[in-house]
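J.: Next comes the structure file protein-v7.tsv, holding TSV, C-alpha atoms.
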```tsv
chain	number	residue	atom	x	y	z
A	762	ALA	CA	11.82	-13.99	-15.95
A	763	GLN	CA	9.60	-15.84	-13.51
A	764	ARG	CA	5.86	-15.61	-13.64
A	765	VAL	CA	2.96	-17.19	-11.77
A	766	THR	CA	-0.54	-17.30	-13.17
A	767	GLN	CA	-3.72	-18.12	-11.31
A	768	PRO	CA	-6.44	-18.06	-13.96
A	769	GLU	CA	-9.41	-17.93	-11.58
A	770	LYS	CA	-9.99	-14.85	-9.46
A	771	LEU	CA	-12.98	-16.40	-7.74
A	772	LEU	CA	-13.92	-20.01	-7.16
A	773	SER	CA	-17.23	-20.81	-5.50
A	774	VAL	CA	-18.13	-24.35	-4.41
A	775	PHE	CA	-20.53	-26.02	-2.04
A	776	LYS	CA	-19.41	-27.65	1.18
A	777	GLY	CA	-18.28	-31.20	0.55
A	778	ALA	CA	-17.47	-30.61	-3.11
A	779	PRO	CA	-13.96	-31.14	-4.50
A	780	VAL	CA	-11.79	-28.08	-4.98
A	781	GLU	CA	-8.97	-27.39	-7.41
A	782	LEU	CA	-7.23	-24.03	-7.48
A	783	LYS	CA	-5.11	-23.72	-10.58
A	784	CYS	CA	-1.56	-22.38	-10.73
A	785	ASN	CA	0.75	-22.26	-13.71
A	786	TYR	CA	4.26	-20.91	-13.73
A	787	SER	CA	7.11	-20.02	-16.02
A	788	TYR	CA	10.69	-20.23	-14.83
A	789	SER	CA	13.88	-21.20	-16.57
A	790	GLY	CA	15.49	-23.05	-13.67
A	791	SER	CA	14.27	-25.52	-11.06
A	792	PRO	CA	11.51	-23.77	-9.18
A	793	GLU	CA	10.36	-24.06	-5.63
A	794	LEU	CA	6.60	-23.65	-5.44
A	795	PHE	CA	4.39	-22.65	-2.54
A	796	TRP	CA	0.77	-22.06	-1.68
A	797	TYR	CA	-0.01	-19.25	0.76
A	798	VAL	CA	-3.42	-18.60	2.32
A	799	GLN	CA	-4.94	-15.48	3.79
A	800	TYR	CA	-8.02	-15.95	5.94
A	801	SER	CA	-10.26	-12.98	6.60
A	802	ARG	CA	-8.51	-10.34	8.73
A	803	GLN	CA	-5.39	-12.47	9.14
A	804	ARG	CA	-1.89	-12.30	7.77
A	805	LEU	CA	-0.66	-14.38	4.89
A	806	GLN	CA	0.64	-17.73	5.99
A	807	LEU	CA	2.26	-20.68	4.32
A	808	LEU	CA	-0.13	-23.49	3.49
A	809	LEU	CA	2.27	-25.90	1.84
A	810	ARG	CA	5.44	-26.13	-0.23
A	811	HIS	CA	6.11	-28.65	-2.95
A	812	ILE	CA	9.39	-29.93	-1.53
A	813	SER	CA	7.60	-31.10	1.61
A	814	ARG	CA	5.11	-33.21	-0.31
A	815	GLU	CA	2.73	-32.99	2.62
A	816	SER	CA	-0.99	-32.56	3.12
A	817	ILE	CA	-2.06	-29.57	5.19
A	818	LYS	CA	-5.71	-29.13	6.25
A	819	GLY	CA	-6.58	-31.76	3.65
A	820	PHE	CA	-4.96	-29.80	0.81
A	821	THR	CA	-2.34	-31.28	-1.50
A	822	ALA	CA	-0.45	-29.92	-4.47
A	823	ASP	CA	1.74	-31.74	-6.96
A	824	LEU	CA	4.39	-30.07	-9.03
A	825	ASN	CA	3.97	-31.04	-12.67
A	826	LYS	CA	7.09	-29.87	-14.48
A	827	GLY	CA	5.80	-31.04	-17.86
A	828	GLU	CA	2.70	-28.87	-17.59
A	829	THR	CA	4.47	-26.24	-15.43
A	830	SER	CA	1.61	-26.42	-12.96
A	831	PHE	CA	1.17	-26.61	-9.20
A	832	HIS	CA	-2.56	-26.95	-8.69
A	833	LEU	CA	-3.97	-27.03	-5.15
A	834	LYS	CA	-6.56	-29.71	-4.45
A	835	LYS	CA	-8.87	-30.82	-1.70
A	836	PRO	CA	-11.38	-33.64	-2.09
A	837	PHE	CA	-14.06	-32.22	0.24
A	838	ALA	CA	-14.22	-28.46	0.81
A	839	GLN	CA	-15.17	-27.06	4.20
A	840	GLU	CA	-16.65	-23.65	4.97
A	841	GLU	CA	-13.53	-22.73	6.95
A	842	ASP	CA	-11.49	-23.14	3.76
A	843	SER	CA	-12.97	-19.89	2.48
A	844	ALA	CA	-10.00	-17.58	2.02
A	845	MET	CA	-7.67	-15.98	-0.47
A	846	TYR	CA	-5.11	-18.39	-1.90
A	847	TYR	CA	-1.84	-17.36	-3.51
A	848	CYS	CA	0.51	-19.54	-5.50
A	849	ALA	CA	4.14	-18.44	-5.32
A	850	LEU	CA	7.43	-19.34	-6.96
A	851	SER	CA	10.88	-18.95	-5.49
A	852	GLY	CA	13.88	-18.19	-7.61
A	853	GLY	CA	16.64	-15.65	-8.11
A	854	ALA	CA	18.79	-13.85	-5.59
A	855	GLY	CA	17.65	-13.62	-2.03
A	856	ASN	CA	14.95	-16.28	-2.43
A	857	MET	CA	12.74	-13.72	-4.09
A	858	LEU	CA	9.14	-14.90	-4.22
A	859	THR	CA	6.87	-14.12	-7.12
A	860	PHE	CA	3.16	-14.39	-6.40
A	861	GLY	CA	0.23	-15.11	-8.63
A	862	GLY	CA	-2.79	-12.83	-8.66
A	863	GLY	CA	-4.63	-14.91	-6.09
A	864	THR	CA	-7.86	-16.91	-6.11
A	865	ARG	CA	-10.66	-16.24	-3.68
A	866	LEU	CA	-12.26	-19.50	-2.60
A	867	MET	CA	-15.80	-19.32	-1.29
A	868	VAL	CA	-17.28	-22.46	0.21
A	869	LYS	CA	-21.02	-22.22	0.53
A	870	PRO	CA	-23.02	-24.21	3.11
B	1378	ASN	CA	9.20	-14.23	19.45
B	1379	ALA	CA	6.91	-11.78	17.68
B	1380	GLY	CA	7.84	-12.74	14.09
B	1381	VAL	CA	7.40	-9.84	11.66
B	1382	THR	CA	6.00	-6.62	13.11
B	1383	GLN	CA	4.71	-3.79	10.95
B	1384	THR	CA	3.66	-0.30	11.97
B	1385	PRO	CA	1.32	1.46	11.54
B	1386	LYS	CA	-1.67	-0.79	10.85
B	1387	PHE	CA	-3.65	1.98	9.16
B	1388	GLN	CA	-2.70	5.31	7.64
B	1389	VAL	CA	-4.48	7.98	5.65
B	1390	LEU	CA	-2.36	10.47	3.72
B	1391	LYS	CA	-3.08	13.39	1.47
B	1392	THR	CA	-1.50	13.51	-1.95
B	1393	GLY	CA	2.05	14.78	-1.65
B	1394	GLN	CA	2.57	13.85	1.97
B	1395	SER	CA	5.40	11.57	3.00
B	1396	MET	CA	5.56	8.69	5.43
B	1397	THR	CA	7.66	5.69	6.42
B	1398	LEU	CA	6.33	2.21	7.01
B	1399	GLN	CA	8.31	0.34	9.62
B	1400	CYS	CA	9.08	-3.36	9.66
B	1401	ALA	CA	11.08	-5.43	12.11
B	1402	GLN	CA	11.70	-9.16	12.45
B	1403	ASP	CA	13.16	-11.06	15.36
B	1404	MET	CA	13.94	-14.34	13.60
B	1405	ASN	CA	17.47	-13.44	12.52
B	1406	HIS	CA	16.42	-13.69	8.86
B	1407	ASN	CA	18.78	-12.40	6.23
B	1408	SER	CA	16.23	-11.48	3.56
B	1409	MET	CA	13.39	-9.02	3.89
B	1410	TYR	CA	10.73	-7.84	1.44
B	1411	TRP	CA	8.07	-5.24	0.87
B	1412	TYR	CA	5.00	-6.22	-1.13
B	1413	ARG	CA	1.82	-4.38	-2.02
B	1414	GLN	CA	-1.48	-6.19	-2.33
B	1415	ASP	CA	-4.12	-4.89	-4.70
B	1416	PRO	CA	-7.40	-6.51	-5.78
B	1417	GLY	CA	-6.89	-8.67	-8.85
B	1418	MET	CA	-3.15	-7.92	-8.91
B	1419	GLY	CA	-2.08	-10.24	-6.13
B	1420	LEU	CA	1.11	-9.44	-4.29
B	1421	ARG	CA	3.69	-7.40	-6.14
B	1422	LEU	CA	7.23	-6.99	-4.93
B	1423	ILE	CA	8.28	-3.38	-4.35
B	1424	TYR	CA	11.80	-3.79	-2.97
B	1425	TYR	CA	13.76	-6.49	-1.27
B	1426	SER	CA	16.92	-6.83	0.76
B	1427	ALA	CA	18.81	-10.08	0.37
B	1428	SER	CA	21.06	-9.26	3.30
B	1429	GLU	CA	21.95	-6.45	5.65
B	1430	GLY	CA	23.37	-3.56	3.71
B	1431	THR	CA	21.86	-4.47	0.34
B	1432	THR	CA	18.61	-3.48	-1.31
B	1433	ASP	CA	17.22	-4.18	-4.78
B	1434	LYS	CA	14.23	-3.11	-6.81
B	1435	GLY	CA	11.36	-5.46	-7.30
B	1436	GLU	CA	8.52	-5.33	-9.77
B	1437	VAL	CA	6.99	-1.97	-8.79
B	1438	PRO	CA	9.63	0.24	-7.12
B	1439	ASN	CA	8.66	3.63	-8.54
B	1440	GLY	CA	7.59	6.12	-5.89
B	1441	TYR	CA	9.22	4.19	-3.05
B	1442	ASN	CA	12.53	4.04	-1.24
B	1443	VAL	CA	13.77	1.56	1.32
B	1444	SER	CA	16.37	1.35	4.05
B	1445	ARG	CA	17.80	-1.81	5.57
B	1446	LEU	CA	18.78	-0.18	8.82
B	1447	ASN	CA	20.19	-3.36	10.33
B	1448	LYS	CA	19.46	-7.06	10.12
B	1449	ARG	CA	16.17	-6.64	11.99
B	1450	GLU	CA	14.65	-3.59	10.33
B	1451	PHE	CA	13.58	-2.80	6.78
B	1452	SER	CA	11.61	0.40	6.24
B	1453	LEU	CA	9.62	1.59	3.23
B	1454	ARG	CA	9.31	5.30	2.50
B	1455	LEU	CA	6.86	7.18	0.34
B	1456	GLU	CA	8.37	10.62	-0.33
B	1457	SER	CA	5.34	12.09	-2.08
B	1458	ALA	CA	2.27	9.91	-1.78
B	1459	ALA	CA	-0.07	9.48	-4.73
B	1460	PRO	CA	-3.58	7.98	-4.88
B	1461	SER	CA	-2.14	5.10	-6.94
B	1462	GLN	CA	-0.24	4.07	-3.83
B	1463	THR	CA	-3.43	3.31	-1.98
B	1464	SER	CA	-2.94	-0.35	-1.11
B	1465	VAL	CA	-2.22	-2.85	1.61
B	1466	TYR	CA	1.50	-3.18	2.25
B	1467	PHE	CA	3.10	-6.33	3.59
B	1468	CYS	CA	6.56	-6.79	4.95
B	1469	ALA	CA	8.03	-10.29	4.94
B	1470	SER	CA	11.23	-12.04	5.88
B	1471	ILE	CA	12.89	-15.35	5.14
B	1472	GLY	CA	16.01	-17.14	6.27
B	1473	GLY	CA	17.57	-20.53	5.75
B	1474	ASN	CA	14.95	-23.15	4.95
B	1475	SER	CA	12.12	-21.30	6.66
B	1476	PRO	CA	9.09	-20.19	4.66
B	1477	LEU	CA	8.33	-16.54	4.04
B	1478	HIS	CA	6.92	-14.93	7.18
B	1479	PHE	CA	4.55	-12.01	6.70
B	1480	GLY	CA	3.62	-9.11	8.91
B	1481	ASN	CA	-0.01	-8.17	9.52
B	1482	GLY	CA	0.00	-5.51	6.84
B	1483	THR	CA	-0.49	-1.75	6.67
B	1484	ARG	CA	-3.61	-0.40	5.01
B	1485	LEU	CA	-2.71	2.89	3.36
B	1486	THR	CA	-5.19	5.28	1.80
B	1487	VAL	CA	-4.00	8.30	-0.17
B	1488	THR	CA	-6.65	10.91	-0.88
```
Render the structure in this file as C-alpha cells.

T.:
Amino acid sequence: AQRVTQPEKLLSVFKGAPVELKCNYSYSGSPELFWYVQYSRQRLQLLLRHISRESIKGFTADLNKGETSFHLKKPFAQEEDSAMYYCALSGGAGNMLTFGGGTRLMVKP
Amino acid sequence: NAGVTQTPKFQVLKTGQSMTLQCAQDMNHNSMYWYRQDPGMGLRLIYYSASEGTTDKGEVPNGYNVSRLNKREFSLRLESAAPSQTSVYFCASIGGNSPLHFGNGTRLTVT
C-alpha cells in the first residue's frame, strides 16, 4: 500500500525566513513524487515533480529514498507563498496519485 | 483548450437527494479521477478510471458511483446524499508524461 504523510497541518513563518514542508512516504516500488499547491480560491496545480529536479518559484525538493522523504524547501519565504501544499505519490495502475493530508503555509509580513 | 471542466461549482442538497457531478477534459487524457477534499484529511481518491470503459474504486468509494461515458467525460453520482458527503470534490485527469490536471472543484453541502 502507498501512503503519504505530511506531519504539519499548519506552518507559519515570517517573510524572508526559510521554509521546509515535510513529506514522508511509504511505497514498495520506485515512487514518483510531486508537490501540488492550492492558492486561495484557485484550483490545485503542480508545483514540482522529483524527476524534473527543477526549482519552481524558488522551491526545491529532493527525494531521499533512504529516509523515504520528499521535503519541500525554500530559503526565503514570500507572502505570496501562502497556500495549501500537498505532497503526492504516484504508483499503481492508471498513475493513481495518493495525496498527503496537506500543510497550510502562512507567511506573515 | 479548457483543461478540466467541472459542473456545478456549488450545490446544496437535502439528505436523501441525488445528484451527478459532471467532469470533462479536452486534453485527450486516458486516466481520470474523482477526489474529495476535507479539512485535515487532504485529498482522498473516490474512484478512478484508468482508461475509457474502466472504473475502479479508490480509498473512499462508499456512497458514490461513477460513469466513464467516453474518453472526455467522467461523472460522479450520489444516489442518496448524506451529511458526511459534504465536501469539495475535484475531478482530475492525466495522460502520458503530463502532470495531474485538476478542475476548479465543486463545493457540495448536504443538510

J.: Can you check which residues of chain A have any atom within 7 Å of chain B? Use all atoms listed in the file and format it as a count of residues only.

T.: 11

J.: So which residues fall inside 8 Å of (3.9, 11.1, -0.6) if we count all atoms listed in the file? Mind giving them as a CSV table (one decimal) with C-alpha atoms, keeping the file's coordinate frame?

T.:
```csv
chain,number,residue,atom,x,y,z
B,1390,LEU,CA,-2.4,10.5,3.7
B,1391,LYS,CA,-3.1,13.4,1.5
B,1392,THR,CA,-1.5,13.5,-2.0
B,1393,GLY,CA,2.0,14.8,-1.6
B,1394,GLN,CA,2.6,13.8,2.0
B,1395,SER,CA,5.4,11.6,3.0
B,1396,MET,CA,5.6,8.7,5.4
B,1455,LEU,CA,6.9,7.2,0.3
B,1456,GLU,CA,8.4,10.6,-0.3
B,1457,SER,CA,5.3,12.1,-2.1
B,1458,ALA,CA,2.3,9.9,-1.8
B,1459,ALA,CA,-0.1,9.5,-4.7
```

J.: Using all atoms listed in the file, what residues lie at most 10 Å away from (23.8, -4.6, 6.7) (file coordinates), given as an MDAnalysis selection string?

T.: chainID B and resid 1407 1426:1432 1444:1450

J.: Could you tell me how far atom CA of A:Thr829 lies from atom CA of A:Met845, in Å and to one decimal?

T.: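 So the answer is 21.8 Å.
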
J.: Nearest to A:Tyr846: which of A:Ser813, A:Ser830, A:Ser787, A:Ser801 is it, counting only C-alpha atoms?

T.: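 Among A:Ser813, A:Ser830, A:Ser787, A:Ser801, it is A:Ser801 that comes nearest to A:Tyr846.
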
J.: Between atom CA of B:Asn1442 and atom CA of B:Ile1423, what distance in Å does the model show, to one decimal?

T.: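 Straight-line distance from atom CA of B:Asn1442 to atom CA of B:Ile1423 works out to 9.1 Å.
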
J.: Quick one: of A:Ala762, A:Val868, A:Met857, A:Leu809, who's nearest to A:Glu840, counting all atoms listed in the file?

T.: A:Val868

J.: Between B:Asn1474, B:Asp1403, B:Thr1463, B:Cys1468, which one has atoms that come closest to B:Val1389, using all atoms listed in the file?

T.: B:Thr1463

J.: Report, in Å with one decimal, the straight-line distance from atom CA of A:Lys835 to atom CA of A:Asp823.

T.: 11.9 Å

J.: With all atoms of stretch 778-797 of chain A from the file as input, state the centre and edge lengths in Å to one decimal of the axis-aligned box that has 3 Å extra on each side, as JSON.

T.:
```
{"center_x": -1.0, "center_y": -25.2, "center_z": -7.9, "size_x": 39.0, "size_y": 17.9, "size_z": 23.3}
```

J.: Pick out the residues sitting within 7 Å of A:Phe837, and hand them over as JSON, numbers by chain; count all atoms listed in the file, and ignore anything fewer than 6 positions along from it in its own chain.

T.: {"A": [777, 778, 779]}

J.: Within 7 Å of A:Glu781, counting all atoms listed in the file, which residues qualify if same-chain residues fewer than 3 places away don't, as an MDAnalysis selection string?

T.: chainID A and resid 832:835

J.: Given all atoms listed in the file as the basis, pick out the residue of A:Leu850, A:Ser843, A:Ser816, A:Thr864 nearest to A:Phe775.

T.: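 Closest to A:Phe775 of all the choices is A:Ser843.
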
J.: Would you mind telling me which residue in B:Val1381, B:Val1465, B:Leu1485, B:Leu1398 lies nearest to B:Leu1453 when using only C-alpha atoms?

T.: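 Residue with the minimum atom-to-atom distance to B:Leu1453: B:Leu1398.
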
J.: Between B:Asn1439, B:Ser1452, B:Ser1461, B:Gln1388, which one has atoms that come closest to B:Cys1400, using all atoms listed in the file?

T.: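 Ranking B:Asn1439, B:Ser1452, B:Ser1461, B:Gln1388 by distance to B:Cys1400, first place goes to B:Ser1452.
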
J.: For chain A of the structure just presented, write C-alpha atoms to a file, as a PDB file, in the first residue's frame.

T.:
```pdb
ATOM      1  CA  ALA A 762       0.000   0.000   0.000  1.00  0.00           C
ATOM      2  CA  GLN A 763       1.172   3.531  -0.672  1.00  0.00           C
ATOM      3  CA  ARG A 764       0.909   6.256   1.892  1.00  0.00           C
ATOM      4  CA  VAL A 765       1.950   9.889   2.128  1.00  0.00           C
ATOM      5  CA  THR A 766       2.324  11.695   5.427  1.00  0.00           C
ATOM      6  CA  GLN A 767       2.620  15.416   5.971  1.00  0.00           C
ATOM      7  CA  PRO A 768       3.138  15.806   9.716  1.00  0.00           C
ATOM      8  CA  GLU A 769       2.395  19.537   9.906  1.00  0.00           C
ATOM      9  CA  LYS A 770      -1.115  20.795   9.230  1.00  0.00           C
ATOM     10  CA  LEU A 771      -0.062  24.402   9.632  1.00  0.00           C
ATOM     11  CA  LEU A 772       3.290  26.091   9.214  1.00  0.00           C
ATOM     12  CA  SER A 773       3.606  29.777   9.995  1.00  0.00           C
ATOM     13  CA  VAL A 774       6.773  31.737   9.188  1.00  0.00           C
ATOM     14  CA  PHE A 775       7.793  35.334   8.711  1.00  0.00           C
ATOM     15  CA  LYS A 776       8.633  36.778   5.321  1.00  0.00           C
ATOM     16  CA  GLY A 777      12.251  36.118   4.460  1.00  0.00           C
ATOM     17  CA  ALA A 778      12.564  33.103   6.744  1.00  0.00           C
ATOM     18  CA  PRO A 779      13.469  29.653   5.403  1.00  0.00           C
ATOM     19  CA  VAL A 780      10.649  27.190   4.858  1.00  0.00           C
ATOM     20  CA  GLU A 781      10.605  23.402   4.944  1.00  0.00           C
ATOM     21  CA  LEU A 782       7.395  21.481   4.427  1.00  0.00           C
ATOM     22  CA  LYS A 783       7.859  17.866   5.391  1.00  0.00           C
ATOM     23  CA  CYS A 784       6.666  14.859   3.425  1.00  0.00           C
ATOM     24  CA  ASN A 785       7.295  11.202   4.154  1.00  0.00           C
ATOM     25  CA  TYR A 786       6.058   8.299   2.110  1.00  0.00           C
ATOM     26  CA  SER A 787       5.780   4.547   2.104  1.00  0.00           C
ATOM     27  CA  TYR A 788       5.768   2.609  -1.138  1.00  0.00           C
ATOM     28  CA  SER A 789       7.187  -0.749  -2.089  1.00  0.00           C
ATOM     29  CA  GLY A 790       8.328   0.169  -5.593  1.00  0.00           C
ATOM     30  CA  SER A 791      10.092   3.147  -7.148  1.00  0.00           C
ATOM     31  CA  PRO A 792       7.890   6.131  -6.455  1.00  0.00           C
ATOM     32  CA  GLU A 793       7.312   9.280  -8.387  1.00  0.00           C
ATOM     33  CA  LEU A 794       6.799  12.190  -6.014  1.00  0.00           C
ATOM     34  CA  PHE A 795       5.096  15.526  -6.562  1.00  0.00           C
ATOM     35  CA  TRP A 796       4.256  18.719  -4.746  1.00  0.00           C
ATOM     36  CA  TYR A 797       0.936  20.373  -5.571  1.00  0.00           C
ATOM     37  CA  VAL A 798      -0.124  23.834  -4.406  1.00  0.00           C
ATOM     38  CA  GLN A 799      -3.537  25.385  -3.977  1.00  0.00           C
ATOM     39  CA  TYR A 800      -3.645  29.158  -3.647  1.00  0.00           C
ATOM     40  CA  SER A 801      -6.728  30.782  -2.184  1.00  0.00           C
ATOM     41  CA  ARG A 802      -9.766  30.347  -4.460  1.00  0.00           C
ATOM     42  CA  GLN A 803      -7.729  28.592  -7.152  1.00  0.00           C
ATOM     43  CA  ARG A 804      -7.508  25.041  -8.381  1.00  0.00           C
ATOM     44  CA  LEU A 805      -4.785  22.647  -7.390  1.00  0.00           C
ATOM     45  CA  GLN A 806      -1.762  22.915  -9.616  1.00  0.00           C
ATOM     46  CA  LEU A 807       1.524  21.125  -9.919  1.00  0.00           C
ATOM     47  CA  LEU A 808       4.411  22.888  -8.235  1.00  0.00           C
ATOM     48  CA  LEU A 809       7.185  20.433  -8.975  1.00  0.00           C
ATOM     49  CA  ARG A 810       7.960  16.768  -9.536  1.00  0.00           C
ATOM     50  CA  HIS A 811      11.057  14.963  -8.377  1.00  0.00           C
ATOM     51  CA  ILE A 812      12.024  13.581 -11.781  1.00  0.00           C
ATOM     52  CA  SER A 813      12.391  17.116 -13.139  1.00  0.00           C
ATOM     53  CA  ARG A 814      14.849  18.153 -10.448  1.00  0.00           C
ATOM     54  CA  GLU A 815      13.895  21.759 -11.041  1.00  0.00           C
ATOM     55  CA  SER A 816      13.289  24.827  -8.917  1.00  0.00           C
ATOM     56  CA  ILE A 817       9.875  26.442  -9.248  1.00  0.00           C
ATOM     57  CA  LYS A 818       9.135  29.802  -7.594  1.00  0.00           C
ATOM     58  CA  GLY A 819      12.281  29.272  -5.535  1.00  0.00           C
ATOM     59  CA  PHE A 820      11.084  25.928  -4.162  1.00  0.00           C
ATOM     60  CA  THR A 821      13.114  22.735  -4.398  1.00  0.00           C
ATOM     61  CA  ALA A 822      12.526  19.202  -3.200  1.00  0.00           C
ATOM     62  CA  ASP A 823      14.931  16.282  -3.089  1.00  0.00           C
ATOM     63  CA  LEU A 824      13.841  12.692  -2.994  1.00  0.00           C
ATOM     64  CA  ASN A 825      15.635  10.878  -0.185  1.00  0.00           C
ATOM     65  CA  LYS A 826      14.992   7.181  -0.679  1.00  0.00           C
ATOM     66  CA  GLY A 827      16.898   6.233   2.468  1.00  0.00           C
ATOM     67  CA  GLU A 828      14.670   8.389   4.649  1.00  0.00           C
ATOM     68  CA  THR A 829      11.635   7.966   2.336  1.00  0.00           C
ATOM     69  CA  SER A 830      11.172  11.718   2.336  1.00  0.00           C
ATOM     70  CA  PHE A 831      10.463  14.450  -0.197  1.00  0.00           C
ATOM     71  CA  HIS A 832      10.599  17.664   1.798  1.00  0.00           C
ATOM     72  CA  LEU A 833       9.815  20.970   0.082  1.00  0.00           C
ATOM     73  CA  LYS A 834      12.207  23.821   0.794  1.00  0.00           C
ATOM     74  CA  LYS A 835      12.590  27.493   0.072  1.00  0.00           C
ATOM     75  CA  PRO A 836      15.381  29.622   1.517  1.00  0.00           C
ATOM     76  CA  PHE A 837      13.400  32.888   1.774  1.00  0.00           C
ATOM     77  CA  ALA A 838       9.612  32.736   2.087  1.00  0.00           C
ATOM     78  CA  GLN A 839       7.430  35.359   0.421  1.00  0.00           C
ATOM     79  CA  GLU A 840       3.905  36.398   1.387  1.00  0.00           C
ATOM     80  CA  GLU A 841       2.597  35.113  -1.953  1.00  0.00           C
ATOM     81  CA  ASP A 842       3.787  31.631  -0.983  1.00  0.00           C
ATOM     82  CA  SER A 843       0.908  31.404   1.479  1.00  0.00           C
ATOM     83  CA  ALA A 844      -1.169  28.476   0.269  1.00  0.00           C
ATOM     84  CA  MET A 845      -2.088  24.871   0.872  1.00  0.00           C
ATOM     85  CA  TYR A 846       0.636  22.428  -0.144  1.00  0.00           C
ATOM     86  CA  TYR A 847       0.077  18.761  -0.902  1.00  0.00           C
ATOM     87  CA  CYS A 848       2.710  16.090  -1.321  1.00  0.00           C
ATOM     88  CA  ALA A 849       1.664  13.264  -3.627  1.00  0.00           C
ATOM     89  CA  LEU A 850       2.983   9.882  -4.708  1.00  0.00           C
ATOM     90  CA  SER A 851       2.321   8.125  -7.972  1.00  0.00           C
ATOM     91  CA  GLY A 852       2.141   4.380  -8.226  1.00  0.00           C
ATOM     92  CA  GLY A 853      -0.153   1.551  -9.219  1.00  0.00           C
ATOM     93  CA  ALA A 854      -2.454   1.195 -12.181  1.00  0.00           C
ATOM     94  CA  GLY A 855      -3.546   4.256 -14.043  1.00  0.00           C
ATOM     95  CA  ASN A 856      -0.915   6.506 -12.437  1.00  0.00           C
ATOM     96  CA  MET A 857      -3.055   6.712  -9.342  1.00  0.00           C
ATOM     97  CA  LEU A 858      -1.942   9.565  -7.101  1.00  0.00           C
ATOM     98  CA  THR A 859      -2.059   9.338  -3.346  1.00  0.00           C
ATOM     99  CA  PHE A 860      -2.031  12.646  -1.512  1.00  0.00           C
ATOM    100  CA  GLY A 861      -0.862  13.599   1.924  1.00  0.00           C
ATOM    101  CA  GLY A 862      -3.128  15.486   4.288  1.00  0.00           C
ATOM    102  CA  GLY A 863      -1.743  18.847   3.235  1.00  0.00           C
ATOM    103  CA  THR A 864       0.137  21.620   5.018  1.00  0.00           C
ATOM    104  CA  ARG A 865      -1.137  25.164   5.143  1.00  0.00           C
ATOM    105  CA  LEU A 866       1.743  27.608   4.846  1.00  0.00           C
ATOM    106  CA  MET A 867       1.190  31.091   6.204  1.00  0.00           C
ATOM    107  CA  VAL A 868       3.862  33.681   5.519  1.00  0.00           C
ATOM    108  CA  LYS A 869       3.480  36.686   7.758  1.00  0.00           C
ATOM    109  CA  PRO A 870       4.768  40.152   6.813  1.00  0.00           C
TER     110      PRO A 870
END
```
